[in-house]
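*Asks:* Next up is a structure, given as structure tokens.
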Amino acid sequence: MEKQITIYHGSNQIVKTPTLGLGRKNNDFGLGFYCTEYIDLAKEWAVSSLKNGFVNQYTLDTEYLNILNLNTSDYTILNWIAVLVEHRLFSIKTPVARRAKQYLIDNFGINVNSYDLITGYRADDSYFDYAEAFFNNTITVEQLARAMQLGKLGEQIVIKSQFAFSKIKFVDYEVAEKEKYYILRKTRDDDANKMYLNILEEESDGLYIQDIIRGGILNDNPRIPRNIP
């Protein structure tokens, strides 16, 4: 990562002074300020079907920040899932899902609050559904890894510490037009869903979460896909 980067935050308001502790604690990586390096993606996240949004532009000095990048080969897709299940509200439908949550947190979890900055993929819309399907023993880890490639899943940068917040500088904002960016967001989601249904039609002898628990499979197992391509 470059020392000085430009990031964007999609919102329904102009945010000139990002503040630690605001927002929803049930976001992907817990409390934090969620951004991306891609302006069009931020515009998609900013709009709803009913109203325009705003994309706020900032510079961020990353020098001296303690950064967790979940997209490197140091981590597997299950590290990402473990972080999600610890913070997001998943539907626990079965005893397997209850055991899965604890197993993933115990064996693949990462203390994201010990980092200043996190880079990882965003479990938005359909992508959260895919993660939940794996969690409830409906799809294999290999199918999950393939599903996460669908629809050009967006990468987000999450600012987690007061030190990191001190490194943000507001630059400007733009209006994100709902007529354009809501359609783009919905099209991305619909296309991903269609491709996901095709994946479900294929036979799979891969690892389900119940197999992972029963086998005591850990992060170094070669059958677990490393990060998200």
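Chain labels follow the order of the structure tokens: the first chain is A, the next B, and so on; residue numbering restarts at 1 in every chain, and ligands are counted from 1 in their shown order.
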Using only C-alpha atoms, which residues sit within 8 Å of A:Leu31 once same-chain residues fewer than 4 positions away are excluded, as a list of chain:residue names?

*Replies:* A:Gly21, A:Leu22, A:Gly23, A:Arg24, A:Lys25, A:Asn26, A:Asn27, A:Lys160

*Asks:* Which polymer residues have any atom within 9 Å of an atom of A:Val141, counting only C-alpha atoms, with same-chain residues fewer than 5 positions away left out, as a PyMOL selection string?

*Replies:* chain A and resi 77-78+134+146+206-209+223-225

*Asks:* Write out as a PyMOL selection string the set of residues from stretch 125-188 of chain A that DSSP, computed on the backbone, places in helix (DSSP H, G or I).

*Replies:* chain A and resi 126-135+141-147+162-165+178-188

*Asks:* Residues within 10 Å of A:Tyr75, please, as a VMD selection string. Count only C-alpha atoms; anything in the same chain fewer than 5 positions from it doesn't count.

*Replies:* chain A and resid 69 to 70 80 108 219 to 220 224 to 228

*Asks:* I need the chosen residues saved as a tab-separated table (two decimals), in the first residue's frame, with all heavy atoms.

*Replies:*
chain	number	residue	atom	x	y	z
A	69	ASN	N	-4.27	-6.78	6.16
A	69	ASN	CA	-4.78	-6.97	4.80
A	69	ASN	C	-5.24	-8.42	4.66
A	69	ASN	O	-4.44	-9.34	4.48
A	69	ASN	CB	-3.71	-6.65	3.76
A	69	ASN	CG	-4.26	-6.67	2.34
A	69	ASN	OD1	-5.35	-7.19	2.10
A	69	ASN	ND2	-3.52	-6.12	1.40
A	70	LEU	N	-6.55	-8.63	4.72
A	70	LEU	CA	-7.11	-9.97	4.67
A	70	LEU	C	-7.06	-10.58	3.27
A	70	LEU	O	-7.42	-11.74	3.10
A	70	LEU	CB	-8.57	-9.94	5.16
A	70	LEU	CG	-8.75	-9.74	6.66
A	70	LEU	CD1	-10.21	-9.48	6.98
A	70	LEU	CD2	-8.24	-10.94	7.43
A	80	TRP	N	-11.58	-14.50	6.83
A	80	TRP	CA	-12.55	-13.45	6.49
A	80	TRP	C	-13.94	-13.79	7.04
A	80	TRP	O	-14.61	-12.95	7.64
A	80	TRP	CB	-12.58	-13.28	4.98
A	80	TRP	CG	-13.48	-12.21	4.46
A	80	TRP	CD1	-13.28	-10.86	4.52
A	80	TRP	CD2	-14.72	-12.40	3.80
A	80	TRP	NE1	-14.33	-10.21	3.91
A	80	TRP	CE2	-15.23	-11.13	3.47
A	80	TRP	CE3	-15.45	-13.53	3.44
A	80	TRP	CZ2	-16.44	-10.96	2.80
A	80	TRP	CZ3	-16.65	-13.36	2.78
A	80	TRP	CH2	-17.13	-12.08	2.47
A	108	PHE	N	-10.13	-19.48	13.47
A	108	PHE	CA	-9.79	-18.64	12.33
A	108	PHE	C	-9.96	-17.15	12.62
A	108	PHE	O	-9.69	-16.31	11.77
A	108	PHE	CB	-10.66	-19.01	11.12
A	108	PHE	CG	-10.43	-20.40	10.60
A	108	PHE	CD1	-11.16	-21.47	11.11
A	108	PHE	CD2	-9.50	-20.66	9.61
A	108	PHE	CE1	-10.94	-22.76	10.64
A	108	PHE	CE2	-9.28	-21.94	9.14
A	108	PHE	CZ	-10.00	-23.00	9.66
A	219	ASN	N	-6.17	-23.53	9.73
A	219	ASN	CA	-5.84	-22.56	8.68
A	219	ASN	C	-4.77	-23.04	7.71
A	219	ASN	O	-4.70	-22.56	6.58
A	219	ASN	CB	-5.36	-21.26	9.35
A	219	ASN	CG	-5.87	-20.03	8.65
A	219	ASN	OD1	-6.93	-20.05	8.02
A	219	ASN	ND2	-5.14	-18.94	8.77
A	220	ASP	N	-3.92	-23.96	8.14
A	220	ASP	CA	-2.82	-24.40	7.28
A	220	ASP	C	-3.19	-25.55	6.36
A	220	ASP	O	-2.36	-26.04	5.60
A	220	ASP	CB	-1.61	-24.81	8.13
A	220	ASP	CG	-1.94	-25.92	9.13
A	220	ASP	OD1	-3.12	-26.30	9.24
A	220	ASP	OD2	-1.01	-26.40	9.82
A	224	ILE	N	-8.22	-25.45	2.13
A	224	ILE	CA	-8.91	-24.19	2.41
A	224	ILE	C	-8.36	-23.12	1.46
A	224	ILE	O	-7.17	-22.82	1.50
A	224	ILE	CB	-8.69	-23.73	3.87
A	224	ILE	CG1	-9.14	-24.82	4.84
A	224	ILE	CG2	-9.43	-22.44	4.14
A	224	ILE	CD1	-10.61	-25.15	4.78
A	225	PRO	N	-9.21	-22.53	0.61
A	225	PRO	CA	-8.72	-21.51	-0.33
A	225	PRO	C	-8.12	-20.32	0.41
A	225	PRO	O	-8.73	-19.78	1.34
A	225	PRO	CB	-9.99	-21.11	-1.10
A	225	PRO	CG	-10.93	-22.25	-0.93
A	225	PRO	CD	-10.64	-22.82	0.43
A	226	ARG	N	-6.93	-19.91	-0.01
A	226	ARG	CA	-6.26	-18.80	0.63
A	226	ARG	C	-6.77	-17.48	0.06
A	226	ARG	O	-6.86	-17.31	-1.13
A	226	ARG	CB	-4.75	-18.90	0.48
A	226	ARG	CG	-4.20	-20.19	1.07
A	226	ARG	CD	-2.77	-20.07	1.49
A	226	ARG	NE	-2.64	-19.27	2.72
A	226	ARG	CZ	-2.83	-19.77	3.95
A	226	ARG	NH1	-3.16	-21.04	4.10
A	226	ARG	NH2	-2.69	-18.99	4.99
A	227	ASN	N	-7.10	-16.58	0.91
A	227	ASN	CA	-7.71	-15.26	0.66
A	227	ASN	C	-8.82	-15.34	-0.40
A	227	ASN	O	-9.35	-16.42	-0.68
A	227	ASN	CB	-6.69	-14.17	0.38
A	227	ASN	CG	-6.05	-14.19	-1.00
A	227	ASN	OD1	-6.62	-14.68	-1.97
A	227	ASN	ND2	-4.86	-13.65	-1.10
A	228	ILE	N	-9.19	-14.22	-0.98
A	228	ILE	CA	-10.26	-14.15	-1.97
A	228	ILE	C	-9.66	-13.60	-3.24
A	228	ILE	O	-9.21	-12.45	-3.28
A	228	ILE	CB	-11.41	-13.26	-1.49
A	228	ILE	CG1	-11.92	-13.76	-0.13
A	228	ILE	CG2	-12.54	-13.22	-2.49
A	228	ILE	CD1	-12.91	-12.84	0.53

*Asks:* Within 10 Å of A:Ser91, counting only C-alpha atoms, which residues qualify if same-chain residues fewer than 4 places away don't, as a list in words?

*Replies:*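 Using only C-alpha atoms, the neighbours found are Val85, Ala97, Arg98, Asp129, Glu132, Ala133, Phe135 and Asn136 of chain A.
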